[in-house]
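Asker: Next up, protein.txt (compact mmCIF, C-alpha atoms).
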```txt
# COMPACT_ATOMS: atom_id res chain seq x y z
CA MET G 1 4.31 -17.00 1.08
CA SER G 2 4.55 -15.09 -2.20
CA ASN G 3 0.80 -15.32 -2.79
CA ILE G 4 0.07 -13.72 0.57
CA SER G 5 2.69 -10.98 0.57
CA ASN G 6 2.21 -9.85 -3.02
CA LYS G 7 -1.53 -9.32 -2.62
CA LEU G 8 -0.66 -5.97 -1.06
CA ASN G 9 0.59 -3.21 -3.33
CA PHE G 10 2.45 -0.09 -2.29
CA GLY G 11 -0.75 1.86 -1.59
CA GLU G 12 -2.25 -0.87 0.58
CA ARG G 13 0.93 -1.24 2.59
CA SER G 14 1.13 2.52 3.01
CA GLY G 15 -2.50 2.58 4.15
CA ARG G 16 -2.06 0.07 6.94
CA LEU G 17 1.21 1.75 7.93
CA VAL G 18 -0.69 5.03 8.34
CA LEU G 19 -3.33 3.16 10.38
CA ILE G 20 -0.77 1.70 12.78
CA THR G 21 1.02 5.04 13.01
CA ALA G 22 -2.27 6.67 14.06
CA VAL G 23 -2.79 3.90 16.63
CA LEU G 24 0.72 4.58 17.89
CA GLY G 25 -0.11 8.23 18.44
CA VAL G 26 -3.36 7.48 20.26
CA LEU G 27 -1.74 4.78 22.40
CA GLY G 28 1.23 6.99 23.22
CA ALA G 29 -0.98 9.89 24.33
CA GLY G 30 -3.27 7.59 26.31
CA TYR G 31 -0.30 5.81 27.89
CA PHE G 32 1.16 8.97 29.34
CA LYS G 33 -2.25 10.09 30.62
CA ILE G 34 -2.75 6.77 32.42
CA LEU G 35 0.80 6.93 33.77
CA LYS G 36 0.25 10.49 35.00
CA PHE G 37 -3.04 9.49 36.66
CA THR G 38 -1.34 6.51 38.32
CA LEU G 39 1.52 8.60 39.71
CA ASN G 40 -0.62 11.57 40.78
CA ASN G 41 -3.57 9.70 42.27
CA LEU G 42 -2.94 6.02 42.91
CA ALA G 43 0.68 6.28 44.09
CA ASN G 44 -0.41 8.58 46.94
CA LYS G 45 -3.22 6.29 48.04
CA ILE G 46 -2.31 3.38 50.30
CA TYR G 47 -5.20 1.03 50.99
CA LEU G 48 -5.34 -0.03 54.62
CA SER G 49 -6.56 -3.60 54.14
CA PHE G 50 -4.53 -4.84 51.18
CA PHE G 51 -2.08 -1.98 50.47
CA ILE G 52 -3.20 -1.86 46.83
CA SER G 53 -6.66 -1.98 45.29
CA TYR G 54 -8.18 -3.14 42.04
CA GLU G 55 -7.49 0.40 40.77
CA HIS G 56 -3.74 -0.29 40.94
CA ILE G 57 -4.17 -3.68 39.24
CA ILE G 58 -6.30 -2.21 36.43
CA ALA G 59 -3.80 0.61 35.90
CA ALA G 60 -0.86 -1.83 35.88
CA CYS G 61 -2.60 -4.13 33.36
CA MET G 62 -3.47 -1.20 31.09
CA LEU G 63 0.05 0.24 31.25
CA SER G 64 1.64 -3.15 30.62
CA SER G 65 -0.65 -3.97 27.68
CA ALA G 66 -0.29 -0.53 26.10
CA PHE G 67 3.50 -0.59 26.47
CA LEU G 68 3.91 -3.99 24.79
CA ILE G 69 1.43 -3.11 22.03
CA LEU G 70 3.50 0.02 21.41
CA VAL G 71 6.61 -2.14 21.15
CA TYR G 72 4.94 -4.48 18.63
CA ALA G 73 3.56 -1.53 16.66
CA ILE G 74 6.98 0.15 16.48
CA TYR G 75 8.52 -3.13 15.36
CA TYR G 76 5.85 -3.45 12.65
CA CYS G 77 6.54 0.09 11.41
CA TYR G 78 10.22 -0.77 11.12
CA CYS G 79 9.44 -3.93 9.12
CA GLU G 80 6.86 -2.19 6.91
CA PHE G 81 9.21 0.65 6.01
CA ALA G 82 11.71 -1.97 4.88
CA ALA G 83 9.00 -3.84 2.93
CA LEU G 84 7.94 -0.69 1.03
CA ASN G 85 11.34 -0.65 -0.65
CA TYR G 86 10.69 -4.12 -2.08
CA THR G 87 7.02 -3.75 -3.09
CA ASN G 88 7.64 -3.24 -6.80
CA ARG G 89 10.44 -5.79 -7.10
CA ASP G 90 10.25 -9.00 -9.08
CA GLU G 91 7.87 -11.51 -7.46
CA GLY G 92 10.59 -14.14 -7.64
CA ASN G 93 12.99 -12.09 -5.53
CA ASN G 94 13.44 -14.20 -2.38
CA GLU G 95 14.85 -11.32 -0.34
CA ALA G 96 11.83 -9.15 -1.19
CA LEU G 97 9.42 -11.96 -0.28
CA GLN G 98 11.11 -12.53 3.07
CA VAL G 99 11.05 -8.84 4.00
CA MET G 100 7.38 -8.44 3.01
CA HIS G 101 6.40 -11.64 4.81
CA LYS G 102 8.18 -10.37 7.92
CA ALA G 103 6.14 -7.15 7.74
CA ASP G 104 2.91 -9.13 7.33
CA LEU G 105 3.71 -11.23 10.39
CA ALA G 106 4.56 -8.14 12.42
CA TYR G 107 1.24 -6.56 11.40
CA ASN G 108 -0.66 -9.64 12.55
CA TYR G 109 1.30 -9.72 15.82
CA VAL G 110 -0.01 -6.26 16.73
CA PHE G 111 -3.64 -7.41 16.66
CA LYS G 112 -3.01 -10.90 18.02
CA PHE G 113 -1.12 -9.55 20.99
CA SER G 114 -3.79 -6.88 21.56
CA SER G 115 -6.43 -9.58 22.01
CA LEU G 116 -4.06 -11.66 24.16
CA ALA G 117 -3.28 -8.66 26.39
CA PHE G 118 -7.00 -7.95 26.78
CA ILE G 119 -7.63 -11.55 27.87
CA LEU G 120 -4.70 -11.59 30.31
CA SER G 121 -5.80 -8.26 31.80
CA GLY G 122 -9.35 -9.51 32.28
CA ILE G 123 -8.21 -12.75 33.93
CA THR G 124 -5.79 -10.92 36.26
CA ILE G 125 -8.36 -8.32 37.33
CA VAL G 126 -11.09 -10.93 37.91
CA MET G 127 -8.71 -13.12 39.94
CA TYR G 128 -7.66 -10.17 42.09
CA ILE G 129 -11.26 -9.10 42.67
CA ASN G 130 -12.18 -12.66 43.67
CA ILE G 131 -9.24 -13.06 46.05
CA VAL G 132 -9.89 -9.72 47.74
CA GLY G 133 -13.64 -10.38 47.70
CA PHE G 134 -13.29 -13.61 49.67
CA LEU G 135 -10.69 -12.18 52.07
CA SER G 136 -12.80 -9.09 52.81
CA LEU G 137 -16.12 -10.98 52.82
CA GLN G 138 -17.69 -9.17 49.89
CA TYR G 139 -20.91 -11.15 49.67
CA LEU G 140 -21.65 -10.08 46.11
CA VAL G 141 -18.31 -11.36 44.80
CA MET G 142 -18.54 -14.52 46.89
CA GLY G 143 -22.10 -15.20 45.78
CA VAL G 144 -21.42 -14.70 42.07
CA THR G 145 -18.25 -16.83 42.21
CA ILE G 146 -19.92 -19.69 44.07
CA PHE G 147 -22.94 -19.57 41.73
CA LEU G 148 -20.74 -19.74 38.62
CA PHE G 149 -18.72 -22.58 40.14
CA LEU G 150 -21.86 -24.59 40.93
CA LEU G 151 -23.18 -23.88 37.44
CA PHE G 152 -19.89 -25.16 36.03
CA LEU G 153 -20.18 -28.36 38.09
CA PHE G 154 -23.76 -28.81 36.88
CA PHE G 155 -22.76 -28.65 33.22
CA LEU G 156 -19.92 -31.12 33.86
CA ALA G 157 -22.59 -33.75 34.47
CA PHE G 158 -23.24 -33.84 30.71
CA LYS G 159 -20.88 -36.08 28.74
CA ASN G 160 -20.85 -33.92 25.60
CA ILE G 161 -19.85 -30.86 27.61
CA ARG G 162 -17.05 -32.82 29.33
CA GLN G 163 -15.73 -33.91 25.94
CA GLU G 164 -15.85 -30.37 24.58
CA LEU G 165 -14.16 -29.13 27.73
CA CYS G 166 -11.32 -31.62 27.28
CA LYS G 167 -10.86 -30.46 23.68
CA SER G 168 -10.90 -26.84 24.82
CA LEU G 169 -8.30 -27.54 27.50
CA VAL G 170 -6.02 -29.17 24.93
CA SER G 171 -6.46 -26.19 22.61
CA LEU G 172 -5.81 -23.83 25.52
CA LYS G 173 -2.66 -25.74 26.43
CA ASN G 174 -1.38 -25.52 22.85
CA TYR G 175 -2.27 -21.83 22.70
CA ILE G 176 -0.38 -21.11 25.92
CA ILE G 177 2.66 -23.06 24.74
CA SER G 178 2.73 -21.30 21.37
CA ASN G 179 2.37 -17.89 23.05
CA ARG G 180 4.39 -18.54 26.20
CA GLY G 181 6.93 -15.85 25.30
CA LYS G 182 4.25 -13.18 24.87
CA ILE G 183 2.43 -14.28 28.04
CA ALA G 184 5.65 -14.26 30.06
CA SER G 185 6.60 -10.81 28.75
CA TRP G 186 3.16 -9.45 29.71
CA PHE G 187 3.32 -10.79 33.27
CA ILE G 188 6.92 -9.65 33.75
CA THR G 189 6.07 -6.14 32.50
CA THR G 190 2.97 -6.00 34.71
CA PHE G 191 4.98 -7.11 37.74
CA ILE G 192 7.63 -4.45 37.05
CA ILE G 193 4.95 -1.75 36.80
CA ILE G 194 3.32 -2.86 40.08
CA TYR G 195 6.77 -2.84 41.72
CA PHE G 196 7.34 0.66 40.32
CA ILE G 197 4.02 1.75 41.88
CA PHE G 198 5.18 0.31 45.22
CA ILE G 199 8.44 2.27 45.01
CA THR G 200 6.53 5.45 44.15
CA MET G 201 4.28 4.87 47.18
CA SER G 202 7.30 4.59 49.46
CA PHE G 203 8.56 7.99 48.27
CA SER G 204 5.17 9.70 48.42
CA GLN G 205 6.27 11.64 51.51
CA THR G 206 9.51 13.60 51.81
CA THR G 207 11.33 13.54 55.13
CA VAL G 208 12.88 16.85 56.18
CA PHE G 209 15.38 17.12 59.03
CA THR G 210 16.16 20.47 60.66
CA THR G 211 18.37 21.20 63.64
CA GLU G 212 18.85 24.66 65.11
CA PHE G 213 21.50 25.87 67.55
CA SER G 214 20.88 28.84 69.83
CA ASN G 215 23.38 31.05 71.68
CA LYS G 216 21.06 31.43 74.65
CA SER G 217 22.48 30.75 78.09
CA SER G 218 21.28 27.13 78.07
CA ALA G 219 22.63 26.53 74.53
CA PRO G 220 19.51 24.66 73.37
CA ILE G 221 19.67 22.38 70.33
CA LYS G 222 16.32 21.93 68.58
CA PHE G 223 15.54 18.91 66.41
CA HIS G 224 12.68 18.81 63.95
CA PHE G 225 11.69 15.96 61.62
CA GLU G 226 8.86 16.03 59.11
CA ASN G 227 6.90 12.86 58.25
CA SER G 228 9.34 10.35 59.77
CA VAL G 229 11.96 10.19 62.49
CA PRO G 230 14.94 7.82 62.92
CA ASP G 231 14.75 5.13 65.57
CA LYS G 232 17.71 6.64 67.38
CA ILE G 233 19.83 9.81 67.27
CA THR G 234 23.26 9.85 68.90
CA LEU G 235 24.81 13.10 70.17
CA GLN G 236 28.49 13.36 70.99
CA PHE G 237 30.11 16.37 72.69
CA TYR G 238 33.85 16.86 72.34
CA PHE G 239 36.14 19.37 74.07
CA VAL G 240 39.42 20.46 72.44
CA ASP G 241 42.26 21.23 74.86
CA LYS G 242 45.22 23.59 74.41
CA ASP G 243 47.23 20.85 72.68
CA ASN G 244 44.42 20.42 70.15
CA ASN G 245 43.45 17.02 71.53
CA GLU G 246 39.79 16.03 71.45
CA HIS G 247 38.13 14.59 74.54
CA LEU G 248 34.66 13.05 74.63
CA THR G 249 32.70 15.03 77.18
CA LYS G 250 29.29 13.40 76.82
CA GLN G 251 27.45 10.94 74.62
CA THR G 252 23.68 10.69 74.76
CA GLU G 253 20.97 9.06 72.69
CA ILE G 254 17.54 10.36 71.75
CA GLU G 255 14.88 7.72 71.17
CA THR G 256 11.85 8.13 68.93
CA SER G 257 9.53 8.04 71.93
CA GLN G 258 11.18 11.18 73.36
CA PHE G 259 10.01 13.37 70.47
CA ARG G 260 6.91 15.51 70.82
CA ARG G 261 4.64 14.87 67.90
CA SER G 262 1.72 16.39 66.06
CA PHE G 263 0.21 15.37 62.76
CA ILE G 264 -2.52 15.71 60.18
CA GLU G 265 -3.62 12.30 58.94
CA VAL G 266 -6.01 12.05 56.02
CA THR G 267 -7.87 8.85 55.20
CA GLU G 268 -10.48 8.08 52.60
CA GLN G 269 -13.34 5.94 53.85
CA SER G 270 -16.27 4.43 52.05
CA GLN G 271 -19.64 5.56 53.38
CA GLN G 272 -22.47 3.07 53.45
CA SER G 273 -25.90 4.33 52.53
CA LYS G 274 -28.84 3.93 54.91
CA GLU G 275 -31.24 3.39 52.03
CA SER G 276 -32.22 -0.15 51.12
CA SER G 277 -32.04 -0.91 47.43
CA ILE G 278 -30.13 -3.15 45.07
CA ILE G 279 -28.03 -0.18 43.91
CA THR G 280 -26.94 0.76 47.43
CA PHE G 281 -26.25 -2.91 48.22
CA LEU G 282 -24.00 -3.26 45.17
CA ASN G 283 -22.25 0.00 46.01
CA ASP G 284 -21.69 -1.02 49.64
CA GLU G 285 -20.32 -4.41 48.64
CA MET G 286 -17.86 -2.95 46.12
CA SER G 287 -16.75 -0.34 48.68
CA LYS G 288 -15.65 -2.89 51.25
CA SER G 289 -11.90 -2.79 52.04
CA GLN G 290 -11.55 0.47 50.10
CA ASP G 291 -10.49 2.59 53.08
CA ALA G 292 -7.25 4.31 52.10
CA TYR G 293 -4.53 6.47 53.61
CA ILE G 294 -3.80 9.61 51.53
CA ALA G 295 -0.06 10.18 51.94
CA GLU G 296 0.09 13.41 49.94
CA ASP G 297 -2.39 15.20 52.23
CA SER G 298 -0.99 13.80 55.50
CA HIS G 299 1.80 15.48 57.45
CA TYR G 300 3.72 14.57 60.62
CA ASP G 301 5.93 16.76 62.81
CA TYR G 302 8.41 15.52 65.44
CA ASN G 303 10.21 17.93 67.78
CA TYR G 304 12.81 17.62 70.52
CA GLU G 305 14.90 20.17 72.40
CA LEU G 306 18.09 19.52 74.36
CA ASN G 307 19.81 22.04 76.64
CA SER G 308 23.48 21.34 75.98
CA ILE G 309 25.20 23.90 78.24
CA ASP G 310 26.04 21.22 80.85
CA TYR G 311 27.97 19.28 78.20
CA LEU G 312 30.05 22.22 76.98
CA LYS G 313 33.30 23.50 78.51
CA LYS G 314 34.99 26.84 78.18
CA GLY G 315 36.94 26.96 74.96
CA LYS G 316 36.40 25.01 71.77
CA ASN G 317 33.69 22.33 71.63
CA PHE G 318 32.25 20.18 68.88
CA VAL G 319 28.78 18.68 68.70
CA ILE G 320 28.34 15.62 66.49
CA ILE G 321 24.85 14.40 65.54
CA LEU G 322 24.61 10.84 64.19
CA PHE G 323 21.60 9.02 62.76
CA ASN G 324 20.74 6.81 59.81
CA LYS G 325 17.90 6.78 57.33
CA ASN G 326 16.75 3.50 55.84
CA SER G 327 15.44 3.31 52.29
CA MET G 328 14.37 0.43 50.07
CA ASN G 329 17.82 -0.13 48.56
CA ASN G 330 20.35 1.28 51.02
CA ASN G 331 21.04 2.69 54.45
CA LYS G 332 22.35 6.26 54.61
CA ASN G 333 24.34 7.39 57.64
CA TYR G 334 24.26 11.10 58.49
CA ARG G 335 26.97 12.86 60.50
CA ILE G 336 26.48 16.53 61.34
CA VAL G 337 29.33 18.41 63.04
CA ASN G 338 29.06 21.91 64.48
CA GLN G 339 31.53 23.95 66.53
CA ILE G 340 30.35 25.70 69.69
CA ASP G 341 32.75 27.89 71.67
CA ILE G 342 32.33 29.19 75.20
CA ASN G 343 34.39 32.33 75.85
CA GLU G 344 35.70 33.62 79.19
CA ASN G 345 32.48 35.55 79.80
CA GLY G 346 30.39 32.43 79.34
CA ASP G 347 28.95 33.57 76.02
CA VAL G 348 27.92 30.86 73.57
CA ILE G 349 29.40 31.29 70.09
CA ILE G 350 27.92 29.02 67.43
CA ASN G 351 29.63 28.43 64.10
CA GLN G 352 26.43 27.56 62.19
CA ASP G 353 22.94 28.21 63.51
CA LYS G 354 20.92 25.83 61.33
CA PHE G 355 21.26 22.60 59.36
CA GLN G 356 18.56 21.21 57.07
CA GLU G 357 18.46 18.07 54.97
CA LYS G 358 15.79 16.47 52.77
CA PHE G 359 15.69 12.74 52.16
```
Re-express the file's structure as structure tokens.

Answerer:
Amino acid sequence: MSNISNKLNFGERSGRLVLITAVLGVLGAGYFKILKFTLNNLANKIYLSFFISYEHIIAACMLSSAFLILVYAIYYCYCEFAALNYTNRDEGNNEALQVMHKADLAYNYVFKFSSLAFILSGITIVMYINIVGFLSLQYLVMGVTIFLFLLFLFFLAFKNIRQELCKSLVSLKNYIISNRGKIASWFITTFIIIYFIFITMSFSQTTVFTTEFSNKSSAPIKFHFENSVPDKITLQFYFVDKDNNEHLTKQTEIETSQFRRSFIEVTEQSQQSKESSIITFLNDEMSKSQDAYIAEDSHYDYNYELNSIDYLKKGKNFVIILFNKNSMNNNKNYRIVNQIDINENGDVIINQDKFQEKF
């Protein structure tokens, strides 16, 4: 261990520390650009056939690999800064040798994990492309995969190749076992990033609820939802007597189907070329199952109007609007209460004309 660690002097250690620090800066800047691209472009694009596309998988693999490489690089910098304090110590100092050896291992981990992350990313992307290719009948992907599989079976007919394959499988098994922690951390991080993309997709559209009360003779109540509407809205009308007791006058429910609706729906569709060439064939094959719904550019409006004068009595009345909004983690219940009075002349007096809520 001493022969390896002490080959590097202070200047050499400082040089590789500067190198890794520069890599950190480049990776950090690139990481945030990829993350921004993912959130601004991919999170608003929902593919109709498979919900996500190879674009999401590539972005998740890149973000996962870059994040873990950043972690290893930061850990190396920490170890190297500690090792610089021991560089000029006595070669027989065990503490100095341990610290410098730790820095050397951390430096090697950065590059070893980089190659491992590249391999894992490639395998994951190829597997996804193959699965989607067979499910969506992409003849190019199916043809290449079947050809390579048949070629593999052909080479298995040779004894020497079978023996080398067995040796390679044993080496691969040992490599996976020795790096199982790194492999597991990469897949866990990638899964978390994909899950984060899913969550971002679910919040790509904001729901806005607006209800307006009017003092017209029919006392209309207008409901307006943007982008989504609850399955059911319950309205309760209460009358308050002279003794301040509340009496339920009417309870009614509004179903989703009762809302008038209008919308702008934007989808992105692949366009197949009429020309016949190998380039257009490849392009058409890769474009299969790439039709996507663009949530950011789509907008939905739901409207309903209820004339409530028949449910109101002279004096003090209360209108209660009840509905719930489901999200990924919880269920929020909304209760909106508004006072509506009817005076002796039959005039409608509303306490608050408008309620609006975003969720």

Asker: How far is it from CA of Gly30 (chain G) to CA of Val18 (chain G), in Å with one decimal?

Answerer: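 Distance reported for this atom pair: 18.3 Å.
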
Asker: For Leu322 (chain G), which residue among G:Thr256, G:Thr234, G:Gln163, G:Gln339 is the nearest when counting all atoms listed in the file?

Answerer: G:Thr234

Asker: Select, from G:Phe155, G:Tyr47, G:Trp186, G:Tyr72, the residue with the minimum atom-to-atom distance to Ile294 (chain G), counting only C-alpha atoms.

Answerer: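 Counting only C-alpha atoms, the residue closest to Ile294 (chain G) is G:Tyr47.
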
Asker: One number please: CA of Gly122 (chain G) to CA of Met201 (chain G), in Å, one decimal.

Answerer: 24.8 Å

Asker: Select, from G:Asn331, G:Asn307, G:Asn85, G:Ser65, the residue with the minimum atom-to-atom distance to Leu27 (chain G), counting only C-alpha atoms.

Answerer: G:Ser65

Asker: Nearest to Ile321 (chain G) among G:Tyr302, G:Phe263, G:Phe191, G:Phe355, with distances taken over only C-alpha atoms: which residue is it?

Answerer: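 Counting only C-alpha atoms, the residue closest to Ile321 (chain G) is G:Phe355.
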
Asker: Enter the distance from CA of Ser114 (chain G) to CA of Ile69 (chain G), in Å, rounded to one decimal.

Answerer: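 CA of Ile69 (chain G) lies 6.5 Å from CA of Ser114 (chain G).
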
Asker: Nearest residue to Ser214 (chain G) out of G:Ala83, G:Ile58, G:Val348, G:Leu169, using only C-alpha atoms?

Answerer: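 Closest candidate: G:Val348.
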
Asker: Just want the 9 Å neighbourhood of Glu255 (chain G), counted on all atoms listed in the file, with same-chain residues fewer than 4 positions away dropped. Output as a PyMOL selection string.

Answerer: chain G and resi 230-234+259

Asker: Between G:Phe32, G:Tyr311, G:Tyr75, G:Phe10, which residue has the minimum interatomic distance to Ala219 (chain G), considering all atoms listed in the file?

Answerer: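 For Ala219 (chain G), the nearest of the candidates is G:Tyr311.
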